[in-house]
Structures are given as C-alpha cells and as structure tokens.
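Structure below is structure-v7.cif: mmCIF, C-alpha atoms and all ligand atoms.
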```
data_run
loop_
_atom_site.label_atom_id
_atom_site.label_comp_id
_atom_site.auth_asym_id
_atom_site.auth_seq_id
_atom_site.Cartn_x
_atom_site.Cartn_y
_atom_site.Cartn_z
CA MET A 1314 -28.33 -14.01 8.26
CA ASN A 1315 -30.98 -14.65 5.67
CA ASN A 1316 -31.69 -11.35 3.95
CA LEU A 1317 -29.97 -8.86 1.68
CA ARG A 1318 -30.51 -5.93 4.05
CA GLU A 1319 -28.39 -7.68 6.66
CA LEU A 1320 -25.78 -8.37 4.00
CA LEU A 1321 -25.67 -4.67 3.09
CA LYS A 1322 -25.19 -3.82 6.73
CA HIS A 1323 -22.33 -6.31 6.89
CA GLU A 1324 -20.71 -4.90 3.74
CA LEU A 1325 -20.93 -1.34 5.06
CA GLY A 1326 -19.38 -2.46 8.33
CA ASP A 1327 -16.58 -4.27 6.48
CA LEU A 1328 -15.85 -1.12 4.47
CA LEU A 1329 -15.94 1.06 7.56
CA PHE A 1330 -13.33 -1.17 9.21
CA ALA A 1331 -11.22 -1.19 6.04
CA GLU A 1332 -11.29 2.60 5.69
CA LYS A 1333 -10.37 3.14 9.31
CA THR A 1334 -7.45 0.73 8.91
CA ILE A 1335 -6.34 2.44 5.71
CA LEU A 1336 -6.54 5.86 7.34
CA LYS A 1337 -3.71 4.83 9.67
CA ALA A 1338 -1.75 2.96 6.99
CA THR A 1339 -1.80 5.87 4.52
CA LYS A 1340 -0.25 8.15 7.08
CA LYS A 1341 2.57 5.65 7.68
CA MET A 1342 3.08 5.09 3.96
CA ALA A 1343 3.32 8.80 3.23
CA ARG A 1344 6.39 8.85 5.47
CA GLU A 1345 8.08 6.12 3.40
CA VAL A 1346 7.73 8.02 0.15
CA SER A 1347 10.41 10.37 -1.19
CA ASP A 1348 8.64 11.50 -4.37
CA PRO A 1349 6.89 14.77 -3.44
CA ALA A 1350 4.03 14.26 -5.95
CA MET A 1351 3.28 10.82 -4.53
CA ARG A 1352 3.47 12.05 -0.96
CA GLU A 1353 1.13 14.91 -1.74
CA ARG A 1354 -1.31 12.53 -3.41
CA LEU A 1355 -1.17 10.15 -0.45
CA GLU A 1356 -1.90 13.00 1.94
CA ALA A 1357 -4.80 14.10 -0.24
CA HIS A 1358 -6.13 10.53 -0.24
CA HIS A 1359 -5.82 10.49 3.53
CA GLY A 1360 -8.20 13.47 3.59
CA GLU A 1361 -10.50 11.72 1.11
CA THR A 1362 -10.53 8.65 3.34
CA GLU A 1363 -11.87 10.74 6.23
CA GLY A 1364 -14.70 11.82 3.93
CA GLN A 1365 -15.27 8.20 2.89
CA ILE A 1366 -15.72 7.21 6.52
CA GLN A 1367 -18.34 9.94 6.87
CA ASN A 1368 -20.10 8.72 3.72
CA LEU A 1369 -20.23 5.20 5.15
CA GLU A 1370 -21.67 6.52 8.39
CA ARG A 1371 -24.29 8.37 6.33
CA ALA A 1372 -25.05 5.17 4.42
CA PHE A 1373 -25.72 3.38 7.72
CA GLU A 1374 -28.01 6.23 8.67
CA ALA A 1375 -29.85 5.95 5.35
CA ILE A 1376 -30.80 2.35 6.12
CA GLY A 1377 -31.73 3.22 9.70
CA GLU A 1378 -28.78 1.42 11.28
CA ARG A 1379 -26.11 2.42 13.75
CA ALA A 1380 -22.65 2.61 12.12
CA ARG A 1381 -20.61 -0.37 13.24
CA ALA A 1382 -17.28 -1.58 11.87
CA GLN A 1383 -16.94 -5.28 11.08
CA LYS A 1384 -13.46 -6.77 11.31
CA CYS A 1385 -12.10 -7.11 7.77
CA PRO A 1386 -9.31 -9.73 7.53
CA GLY A 1387 -8.81 -8.89 3.85
CA ILE A 1388 -7.43 -5.41 4.46
CA LEU A 1389 -5.51 -6.56 7.53
CA GLY A 1390 -3.81 -9.14 5.29
CA ILE A 1391 -2.64 -6.49 2.85
CA VAL A 1392 -1.25 -4.36 5.68
CA LYS A 1393 0.44 -7.41 7.21
CA GLU A 1394 2.04 -8.29 3.89
CA HIS A 1395 3.57 -4.81 3.76
CA ASP A 1396 4.86 -4.97 7.34
CA GLU A 1397 6.30 -8.47 6.89
CA PHE A 1398 8.11 -7.44 3.74
CA LYS A 1399 9.76 -4.67 5.72
CA SER A 1400 10.86 -6.88 8.60
CA ASP A 1401 11.79 -9.97 6.52
CA GLU A 1402 13.51 -8.37 3.54
CA GLU A 1403 15.03 -5.31 5.21
CA PRO A 1404 14.58 -3.31 1.99
CA SER A 1405 16.60 -0.20 1.26
CA LYS A 1406 14.51 2.98 1.26
CA PRO A 1407 14.14 3.03 -2.54
CA MET A 1408 13.20 -0.67 -2.63
CA LEU A 1409 10.56 -0.11 0.03
CA GLU A 1410 9.23 2.73 -2.05
CA ALA A 1411 9.05 0.43 -5.08
CA PHE A 1412 7.28 -2.23 -3.01
CA ASP A 1413 4.82 0.33 -1.68
CA LEU A 1414 3.52 0.96 -5.18
CA GLY A 1415 2.23 -2.61 -5.16
CA SER A 1416 0.89 -2.37 -1.61
CA GLY A 1417 -0.96 0.82 -2.46
CA LEU A 1418 -2.42 -0.63 -5.63
CA ARG A 1419 -3.53 -3.75 -3.75
CA VAL A 1420 -5.34 -1.60 -1.19
CA GLU A 1421 -7.12 0.44 -3.87
CA HIS A 1422 -8.21 -2.63 -5.80
CA TYR A 1423 -9.51 -4.26 -2.64
CA GLU A 1424 -11.54 -1.12 -1.96
CA ILE A 1425 -12.76 -0.95 -5.56
CA ALA A 1426 -14.02 -4.55 -5.38
CA ALA A 1427 -15.67 -3.96 -2.00
CA TYR A 1428 -17.43 -0.75 -3.11
CA ARG A 1429 -18.60 -2.35 -6.35
CA SER A 1430 -20.10 -5.34 -4.59
CA ALA A 1431 -21.70 -3.26 -1.82
CA THR A 1432 -23.15 -0.96 -4.50
CA ALA A 1433 -24.67 -3.94 -6.28
CA VAL A 1434 -26.37 -5.06 -3.06
CA ALA A 1435 -27.66 -1.53 -2.36
CA LYS A 1436 -28.97 -1.31 -5.93
CA ALA A 1437 -30.79 -4.61 -5.60
CA LEU A 1438 -32.45 -3.23 -2.47
CA GLY A 1439 -33.34 0.05 -4.18
CA GLU A 1440 -31.30 2.02 -1.62
CA ARG A 1441 -30.52 4.96 -3.88
CA GLU A 1442 -28.92 7.18 -1.29
CA VAL A 1443 -26.58 4.38 -0.24
CA VAL A 1444 -25.70 3.75 -3.90
CA GLU A 1445 -24.80 7.41 -4.38
CA LEU A 1446 -22.64 7.55 -1.26
CA LEU A 1447 -20.81 4.36 -2.18
CA GLN A 1448 -20.23 5.51 -5.73
CA GLU A 1449 -18.71 8.75 -4.52
CA ASN A 1450 -16.16 6.73 -2.55
CA LEU A 1451 -15.62 4.31 -5.42
CA ALA A 1452 -14.74 7.14 -7.82
CA GLN A 1453 -12.02 8.32 -5.43
CA GLU A 1454 -10.55 4.81 -5.16
CA ILE A 1455 -10.49 4.42 -8.94
CA ALA A 1456 -8.75 7.78 -9.32
CA MET A 1457 -6.17 6.83 -6.69
CA ALA A 1458 -5.48 3.47 -8.35
CA LYS A 1459 -4.96 5.27 -11.68
CA PHE A 1460 -2.57 7.73 -10.08
CA ILE A 1461 -0.45 4.94 -8.56
CA GLU A 1462 -0.30 3.08 -11.86
CA ALA A 1463 0.64 6.20 -13.78
CA ALA A 1464 3.36 7.14 -11.26
CA SER A 1465 4.83 3.63 -11.07
CA ALA A 1466 6.96 3.67 -14.22
CA ALA A 1467 8.83 6.84 -13.26
CA THR A 1468 9.30 5.76 -9.64
CA LEU A 1469 10.63 2.34 -10.66
CA ARG A 1470 13.05 3.88 -13.16
CA MET A 1471 14.36 6.20 -10.45
CA VAL A 1472 14.69 3.36 -7.94
CA HIS A 1473 16.46 1.15 -10.48
CA ALA A 1474 18.91 3.90 -11.46
CA ALA A 1475 19.67 4.63 -7.80
CA ALA A 1476 20.31 0.95 -7.05
CA GLN A 1477 22.57 0.59 -10.10
CA ALA A 1478 24.54 3.71 -9.22
CA GLU A 1479 25.11 2.34 -5.73
CA GLU A 1480 26.22 -1.01 -7.15
CA ASN A 1481 28.65 0.67 -9.53
CA GLU A 1482 30.07 2.76 -6.73
CA GLU A 1483 30.66 -0.34 -4.60
CA GLY A 1484 32.15 -2.16 -7.59
CA GLY A 1485 34.50 0.76 -8.27
CA ALA A 1486 35.69 0.83 -4.67
CA ARG A 1487 36.31 -2.93 -4.77
CA ARG A 1488 38.24 -2.74 -8.05
CA GLY A 1489 40.38 0.00 -6.57
CA ALA A 1490 41.12 -2.15 -3.55
CA SER A 1491 41.97 -5.25 -5.60
CA LYS A 1492 44.30 -3.23 -7.82
CA ARG A 1493 46.23 -2.17 -4.75
CA GLY A 1494 46.40 -5.78 -3.56
CA ALA A 1495 47.99 -8.60 -5.58
CA SER A 1496 45.75 -9.01 -8.61
CA LYS A 1497 45.46 -12.38 -10.31
CA GLY A 1498 44.20 -10.73 -13.48
CA GLY A 1499 41.10 -10.48 -15.61
CA ALA A 1500 39.10 -13.34 -14.12
CA SER A 1501 37.97 -11.31 -11.15
CA LYS A 1502 36.80 -8.36 -13.24
CA GLY A 1503 33.43 -9.49 -14.58
CA GLY A 1504 31.01 -11.98 -13.10
CA ALA A 1505 33.32 -12.84 -10.22
CA SER A 1506 33.39 -9.29 -8.89
CA LYS A 1507 29.64 -9.09 -9.31
CA ARG A 1508 29.23 -12.24 -7.25
CA GLY A 1509 31.65 -10.79 -4.76
CA GLY A 1510 29.43 -7.73 -4.61
CA SER A 1511 26.36 -9.68 -3.61
CA LYS A 1512 28.41 -11.68 -1.12
CA GLY A 1513 29.60 -8.39 0.35
CA GLY A 1514 25.99 -7.29 0.60
CA ALA A 1515 25.04 -10.50 2.40
CA LYS A 1516 27.94 -10.03 4.79
CA ARG A 1517 26.90 -6.47 5.53
CA ALA A 1518 23.31 -7.57 6.13
CA ALA A 1519 24.50 -10.36 8.39
CA SER A 1520 26.70 -8.06 10.42
CA LYS A 1521 23.77 -5.62 10.64
CA ARG A 1522 21.59 -8.40 12.02
CA THR A 1523 24.27 -9.46 14.47
CA ALA A 1524 24.73 -5.89 15.64
CA ARG A 1525 21.00 -5.58 16.19
CA ALA A 1526 20.75 -8.93 17.95
CA GLY A 1527 23.64 -8.03 20.27
FE FE B 1601 -10.85 4.31 0.84
FE FE B 1602 -8.27 4.21 -1.25
#
```

Using the file provided, produce a representation of the structure as structure tokens.
Amino acid sequence: MNNLRELLKHELGDLLFAEKTILKATKKMAREVSDPAMRERLEAHHGETEGQIQNLERAFEAIGERARAQKCPGILGIVKEHDEFKSDEEPSKPMLEAFDLGSGLRVEHYEIAAYRSATAVAKALGEREVVELLQENLAQEIAMAKFIEAASAATLRMVHAAAQAEENEEGGARRGASKRGASKGGASKGGASKRGGSKGGAKRAASKRTARAG
C-alpha cells in the first residue's frame, strides 16, 4: 500500500469487522446485565450498531469500493479478555456485571479511536460524505461511553453491597455454627473468621471445579 485512499479503505474494513463483532458481543452482554436501564441501553446500542454497519457500507460506496471487512485483532482481543475473565475467574453474576462495565468502556473507546482516525484520513482526502457517515457513528459511540461511565458508580455500589451482604450472611452462619461447637473464645471472631471465610470460598470453588471435572 502506498496511498491514503487504500488506507481509508483498510480503516473502513477494520471498522466493519469491529462493528460486526460487537453486534454479536452486545447481544451476549445484554444477557449478563441485571440493571434494566443498562440492558435497555445495550439493546438500543445493538440497534445503533446495525445502523453503523449500514453507514460503513455507504462509506465504501461513496469511495467507489465494495464493502469488505478486514480482520481486526484489536476488537477480538477485547472480546477475548472478557471471555477469559469469565472462564479463569469464575465471577459471581454481580462481579461479572461489574467487570462488564470495563469491557464495554474498552469497546467504546476502541471504536472512538478508530472512528476518529478514519475520519482524519477521510478529511485529508476531502471525502466529505465519508466524514459525515463516520461522524454519525462516532457520536453514538461517544454517547454510549458516557452512559457506561455515568452508570458505573451506581452499578458498582450495588454490586459491592450485594457482595458484602453475602459475606455477612456467610459469616453469621459460621459464627452460629462455632457457637454450637466448642468455642476457644474471642480470637476466632475477627480476622480469623474472615480468613476462614475466604478459605471456605476457595474450598467451595475447588469442589465446584472438581464436580465439573468429574
Ligand atoms: Fe459501534
Ligand atoms: Fe459502540
């Protein structure tokens, strides 16, 4: 490649691949979300993404090229990171939801960077129609990123409270059990019971893994 027109074609193809990948990922992610406002927004963005794909196809048309997706390892990496977190960390549903805020924001910022750079190339070439189409998509990505950031604080507070409540419940059950058994006194109340709690969690996870392996 030795000209900017070819580079624009490449950038459009990269974005087309990314959007098609995200179209599938957004659908999956919407199923992991419990907050109705977030789910609704994800579904709306899924619809927007379909429109973005059409805009990219129109941009190809505007430069007299056939729309062709170019494999985009960047977006595949972000999706892989999400899937590996799920399989490696076995997060609880709320923790996955908390993690997804970061995955979603990473996707949007990747898209924002890609649309900004493709727009710059189209501008340099004087491709005004392409610039307009790309900027329409860019505005939707910026709005989505803002929504995720704004929703994060409340979601994280909810997730944290839920995790703490669960921990307290487990702690209460354990204290009840140790009271019934022979208690050696105060030493096991504080840090020790907390450590016991995380050991219990590890044991449960291990037995879960064993059950699955068997
Ligand atoms: Fe997009
Ligand atoms: Fe997006």

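You will find CA of Asn1368 (chain A) at 5.7 Å from CA of Leu1446 (chain A).
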
Exercise for the section: Check which residues fall inside 7 Å of ligand FE 1601 (chain B) when counting all atoms listed in the file, and print them as a PyMOL selection string. Expected result: chain A and resi 1332+1335+1362+1365+1424+1450+1454

Exercise for the section: Step by step, measure atom-to-atom distances between ligand FE 1602 (chain B) and each residue using only C-alpha atoms and all ligand atoms, keep those at most 10 Å, then write them as a VMD selection string. Expected result: chain A and resid 1331 to 1332 1335 to 1336 1339 1355 1358 to 1359 1361 to 1362 1365 1417 to 1425 1450 to 1458

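With all atoms listed in the file as the atoms that count, the residue of A:Ala1435, A:Leu1447, A:Ala1490, A:Met1351 with the shortest distance to Ile1376 (chain A) is A:Ala1435.
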
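Going from CA of Phe1460 (chain A) to CA of Glu1370 (chain A) covers 26.6 Å.
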
Exercise for the section: Would you kindly return, as a PyMOL selection string, each protein, DNA or RNA residue with an atom no farther than 12 Å from any atom of Ser1430 (chain A), considering only C-alpha atoms and excluding same-chain residues fewer than 2 positions away? Expected result: chain A and resi 1320-1321+1323-1325+1327-1328+1423-1428+1432-1437+1444+1447-1448+1451

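Shortest atom-to-atom contact with Ala1350 (chain A) among A:Glu1442, A:Ala1478, A:Arg1379, A:Ala1467: A:Ala1467, counting all atoms listed in the file.
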
Could you give me the axis-aligned bounding box of region 1446-1463 of chain A, with 6 Å of padding per side, as centre plus edge lengths in Å to one decimal, as JSON?
```
{"center_x": -11.0, "center_y": 5.9, "center_z": -7.5, "size_x": 35.3, "size_y": 17.7, "size_z": 24.5}
```

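Distance annotation: of A:Gly1377, A:Gly1415, A:Glu1440, A:Gly1484, the residue with the minimal separation from Leu1469 (chain A) is A:Gly1415; atom set is only C-alpha atoms.
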
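Taking CA of Lys1340 (chain A) and CA of Arg1371 (chain A) as the two end points, the separation is 24.1 Å.
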
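Among A:Pro1404, A:Glu1397, A:Arg1344, A:Phe1330, the residue with the shortest atom-to-atom distance to Lys1384 (chain A), counting only C-alpha atoms, is A:Phe1330.
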
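Counting all atoms listed in the file, the residue from A:Glu1353, A:Glu1449, A:Asp1396, A:Asp1348 that sits nearest to Glu1410 (chain A) is A:Asp1348.
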
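Proximity of A:Lys1399, A:Gly1485, A:Leu1414, A:Leu1317 to Ala1463 (chain A), computed with all atoms listed in the file, is greatest for A:Leu1414.
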